[in-house]
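Asks: Can you keep this structure in mind? I'll have questions shortly.
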Amino acid sequence: MVQTEKLYEGKAKILYSTADPQILLTVYKDDATAFNAQKKGQIKGKGEINCTIAAALFQFLEKAGIPTHYIDCPQKNQMRVKAVTIIPLEVVVRNIAAGSLCRQTGLPEGQILPKPLVEYYLKDDALGDPLLTRDRLLLLNLASPEQLATIEEITLKINQQLQEFFKLCQITLVDFKLEFGFDSQQQILLADEISPDTCRLWDSTETDPQARVMDKDRFRKDLGQVESAYQTVQQRVLAAISNLSTINSD
Ligand code: TMP
């Protein structure tokens with residue numbers, strides 16, 4: 001893959017331009033950060049694992065009719081994506097109370113929510129990615145009311161699809177973060193990544209609150225066995241994809 005200019009280096013990925021202005025190359029890194037990069041480390045093999053998981057999930061969602069930026073993976077830790085203008089929003093969906101929802105509301109961790117909760121955070125590290133109200137989001141012109149309705153509709157559809165998919169992996173999808181972008185036709189595409197870095201994933205075969213954690217919370221909370229948890233998620237995701245394709249080709 002001919003890389004040209006390095007366009008941007010984020011905390012977990014590097015973005016390069018390619019010979020085609022409509023296509024970008026994302027290189028997934030082993031670097032891990034938490035708490036707005038106050039905590040830094042490495043998760044060995046994470047770049048390849050997250051790229052592989054994200055590619056599998058993007059392809060699964062595309063089949064379910066959700067437009068994503070995914071094109072293909074020239075290497076295990078590299079993804080070619082459609083160039084989009086990222087909307088500076090972190091769209092978080094929660095099915096079960098955990099993380100900042102518990103810290104900020106007092107809800108007990110593990111409480112099943114009556115319906116999926118969709119939240120919007122401003123993607124701005126300098127401001128600490130604050131939680132937005134709908135009116136603040138519109139005030140900042142981050143999206144029009146129509147675009148916001150589309151984002152919410154796609155987000156809930158993704159949640160439904162991913163919840164069902166992760167059930168096949170014996171994993172509970174607690175919550176996750178999505179990012180969207182506009183392509184050259186102003187179509188809204190799912191962008192960034194979906195991986196154990198951006199989701200809370202609990203092993204549904206485990207009841208112990210620490211043993212069940214299969215995502216970046218193992219790194220955030222120093223729970224140990226981070227690499228093996230990421231590897232297990234990858235194995236289960238690839239096995240479920242392979243089972244689905246066998247069923248679909250029967
Ligand atoms: P939170 O409970 O810390 O608000 O996180 C909610 C979800 O969003 C969780 O699955 C982790 C994910 N997330 C990110 O992907 N990036 C972030 O910067 C943060 C804070 C959370």
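By convention in this document, the chains of the structure tokens carry letters A, B, ... by their order, each chain's residues are numbered from 1, and ligands are numbered from 1 in the order they are shown.
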If the limit is 7 Å from any atom of ligand 1, counting only C-alpha atoms and all ligand atoms, which residues qualify? Return them as a PyMOL selection string.
Replies: chain A and resi 35-36+92+98-101+175-177+197-200
Asks: Which residues, written as an mmCIF file with C-alpha atoms, in the first residue's frame, have at least one atom at most 8 Å from region 56-65 of chain A, with only C-alpha atoms counted and residues fewer than 2 positions away on the same chain left out?
Replies:
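Writing done, so here's selection-v9.cif:
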data_model
loop_
_atom_site.group_PDB
_atom_site.id
_atom_site.type_symbol
_atom_site.label_atom_id
_atom_site.label_comp_id
_atom_site.auth_asym_id
_atom_site.auth_seq_id
_atom_site.Cartn_x
_atom_site.Cartn_y
_atom_site.Cartn_z
ATOM 1 C CA THR A 52 -9.662 -7.141 12.515
ATOM 2 C CA ILE A 53 -12.668 -6.813 14.852
ATOM 3 C CA ALA A 54 -13.692 -3.421 13.424
ATOM 4 C CA PRO A 67 -23.445 2.553 5.352
ATOM 5 C CA THR A 68 -19.897 2.594 6.786
ATOM 6 C CA TYR A 70 -14.975 0.549 5.473
ATOM 7 C CA ILE A 158 -26.532 -0.449 14.893
ATOM 8 C CA GLN A 161 -27.702 -5.424 15.171
ATOM 9 C CA ILE A 194 -15.913 -0.436 16.801
ATOM 10 C CA VAL A 237 -16.226 -12.368 16.786
ATOM 11 C CA LEU A 238 -14.466 -14.230 13.957
ATOM 12 C CA ILE A 241 -18.937 -14.260 11.553
#
Asks: Quick one: of A:Val226, A:Gln234, A:Ser17, A:Ala126, who's nearest to Gln42 (chain A), counting only C-alpha atoms?
Replies: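 Among the listed residues, the smallest separation from Gln42 (chain A) belongs to A:Val226.
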Asks: Tell me which protein, DNA and RNA residues are within 10 Å of Thr33 (chain A), counting only C-alpha atoms, leaving out same-chain ones fewer than 4 positions away, and put them as JSON, numbers by chain.
Replies: {"A": [11, 12, 37, 38, 39, 40, 41, 42, 43, 197, 216, 219, 220]}
Asks: Just write the chosen residues, N, CA, C and O atoms, as an mmCIF file, in the first residue's frame.
Replies:
data_model
loop_
_atom_site.group_PDB
_atom_site.id
_atom_site.type_symbol
_atom_site.label_atom_id
_atom_site.label_comp_id
_atom_site.auth_asym_id
_atom_site.auth_seq_id
_atom_site.Cartn_x
_atom_site.Cartn_y
_atom_site.Cartn_z
ATOM 1 N N LYS A 11 -4.933 8.961 19.163
ATOM 2 C CA LYS A 11 -4.398 8.195 20.290
ATOM 3 C C LYS A 11 -4.252 6.716 19.934
ATOM 4 O O LYS A 11 -3.356 6.056 20.433
ATOM 5 N N ALA A 12 -5.115 6.220 19.074
ATOM 6 C CA ALA A 12 -5.089 4.781 18.769
ATOM 7 C C ALA A 12 -4.853 4.478 17.291
ATOM 8 O O ALA A 12 -4.657 3.320 16.927
ATOM 9 N N ALA A 37 -6.142 10.629 27.894
ATOM 10 C CA ALA A 37 -4.693 10.440 27.722
ATOM 11 C C ALA A 37 -3.869 10.748 28.973
ATOM 12 O O ALA A 37 -2.650 10.856 28.898
ATOM 13 N N GLN A 38 -4.526 10.837 30.133
ATOM 14 C CA GLN A 38 -3.731 10.990 31.368
ATOM 15 C C GLN A 38 -3.036 9.677 31.698
ATOM 16 O O GLN A 38 -1.996 9.667 32.341
ATOM 17 N N LYS A 39 -3.650 8.565 31.289
ATOM 18 C CA LYS A 39 -3.036 7.245 31.482
ATOM 19 C C LYS A 39 -2.610 6.734 30.116
ATOM 20 O O LYS A 39 -3.414 6.730 29.181
ATOM 21 N N LYS A 40 -1.348 6.314 30.010
ATOM 22 C CA LYS A 40 -0.837 5.857 28.706
ATOM 23 C C LYS A 40 -0.200 4.489 28.857
ATOM 24 O O LYS A 40 0.421 4.208 29.891
ATOM 25 N N GLY A 41 -0.334 3.669 27.826
ATOM 26 C CA GLY A 41 0.310 2.365 27.854
ATOM 27 C C GLY A 41 0.245 1.717 26.484
ATOM 28 O O GLY A 41 -0.038 2.391 25.487
ATOM 29 N N GLN A 42 0.512 0.430 26.467
ATOM 30 C CA GLN A 42 0.456 -0.336 25.214
ATOM 31 C C GLN A 42 -0.300 -1.622 25.507
ATOM 32 O O GLN A 42 -0.200 -2.163 26.612
ATOM 33 N N ILE A 43 -1.058 -2.071 24.533
ATOM 34 C CA ILE A 43 -1.691 -3.386 24.635
ATOM 35 C C ILE A 43 -1.147 -4.162 23.440
ATOM 36 O O ILE A 43 -1.445 -3.825 22.288
ATOM 37 N N ASP A 197 -11.751 -1.245 22.419
ATOM 38 C CA ASP A 197 -11.371 0.095 22.904
ATOM 39 C C ASP A 197 -12.586 1.003 23.050
ATOM 40 O O ASP A 197 -12.560 1.949 23.833
ATOM 41 N N LYS A 216 -11.597 -2.330 27.165
ATOM 42 C CA LYS A 216 -10.554 -1.409 27.649
ATOM 43 C C LYS A 216 -10.671 -1.084 29.130
ATOM 44 O O LYS A 216 -9.714 -0.575 29.717
ATOM 45 N N PHE A 219 -7.767 -2.276 31.027
ATOM 46 C CA PHE A 219 -6.618 -1.363 31.038
ATOM 47 C C PHE A 219 -6.903 -0.158 31.949
ATOM 48 O O PHE A 219 -6.088 0.195 32.798
ATOM 49 N N ARG A 220 -8.121 0.438 31.777
ATOM 50 C CA ARG A 220 -8.451 1.634 32.577
ATOM 51 C C ARG A 220 -8.332 1.348 34.075
ATOM 52 O O ARG A 220 -7.835 2.153 34.835
#
Asks: So, counting only C-alpha atoms, which residue among A:Lys157, A:Ala32, A:Asp192, A:Glu48 is closest to Asp215 (chain A)?
Replies: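 Result for the nearest residue to Asp215 (chain A): A:Ala32.
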Asks: Please provide as a list of chain:residue names all residues within 7 Å of Val81 (chain A), with the sequence filter that same-chain residues fewer than 6 positions apart are discarded (counting only C-alpha atoms).
Replies: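 Neighbouring residues, sequence-local ones excluded: A:Ile23, A:Leu24, A:Leu25, A:His69, A:Tyr70, A:Ile71.
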Asks: Could you make a table, as a Markdown table, of the residues of region 121-170 of chain A that have an atom within 8 Å of an atom of region 84-91 of chain A, each with its nearest atom pair and distance in Å to one decimal, counting only C-alpha atoms, in chain and number order?
Replies:
| residue | atom | partner | partner_atom | distance |
| --- | --- | --- | --- | --- |
| A:Tyr121 | CA | A:Glu90 | CA | 5.0 |
| A:Leu122 | CA | A:Leu89 | CA | 4.9 |
| A:Lys123 | CA | A:Pro88 | CA | 4.8 |
| A:Asp124 | CA | A:Pro88 | CA | 7.4 |
| A:Leu142 | CA | A:Ile87 | CA | 6.7 |
| A:Ala143 | CA | A:Ile87 | CA | 7.8 |
| A:Thr155 | CA | A:Val91 | CA | 8.0 |
Asks: Write out as an NGL selection string the residues lying within 10 Å of region 4-10 of chain A, counting only C-alpha atoms and excluding same-chain residues fewer than 5 positions away.
Replies: :A and (15-19 or 24-29 or 31)
Asks: Which is closer to Asp30 (chain A) than all the others in A:Leu244, A:Arg236, A:Lys221, A:Tyr230, using only C-alpha atoms?
Replies: A:Tyr230
Asks: Between A:Ser249, A:Asn50, A:Gln185, A:Asn243, which residue has the minimum interatomic distance to Gln22 (chain A), considering only C-alpha atoms?
Replies: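 Using only C-alpha atoms, Gln22 (chain A) sits closest to A:Gln185.
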Asks: Apply DSSP to the structure's backbone, then extract all residues of region 12-250 of chain A labelled strand (DSSP E or B) and return them as a PyMOL selection string.
Replies: chain A and resi 13-17+23-28+31-34+39-42+68+70-75+78-82+85-86+89-96+112-122+131-132+171-182+188-191+199-203+213
Asks: For each of A:Val233, A:Gln170, A:Gly224, A:Glu179, take the minimum atom-to-atom distance to Ser204 (chain A), counting only C-alpha atoms, then give the residue where this is smallest.
Replies: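 Going through A:Val233, A:Gln170, A:Gly224, A:Glu179 one by one, the smallest distance to Ser204 (chain A) is for A:Gln170.
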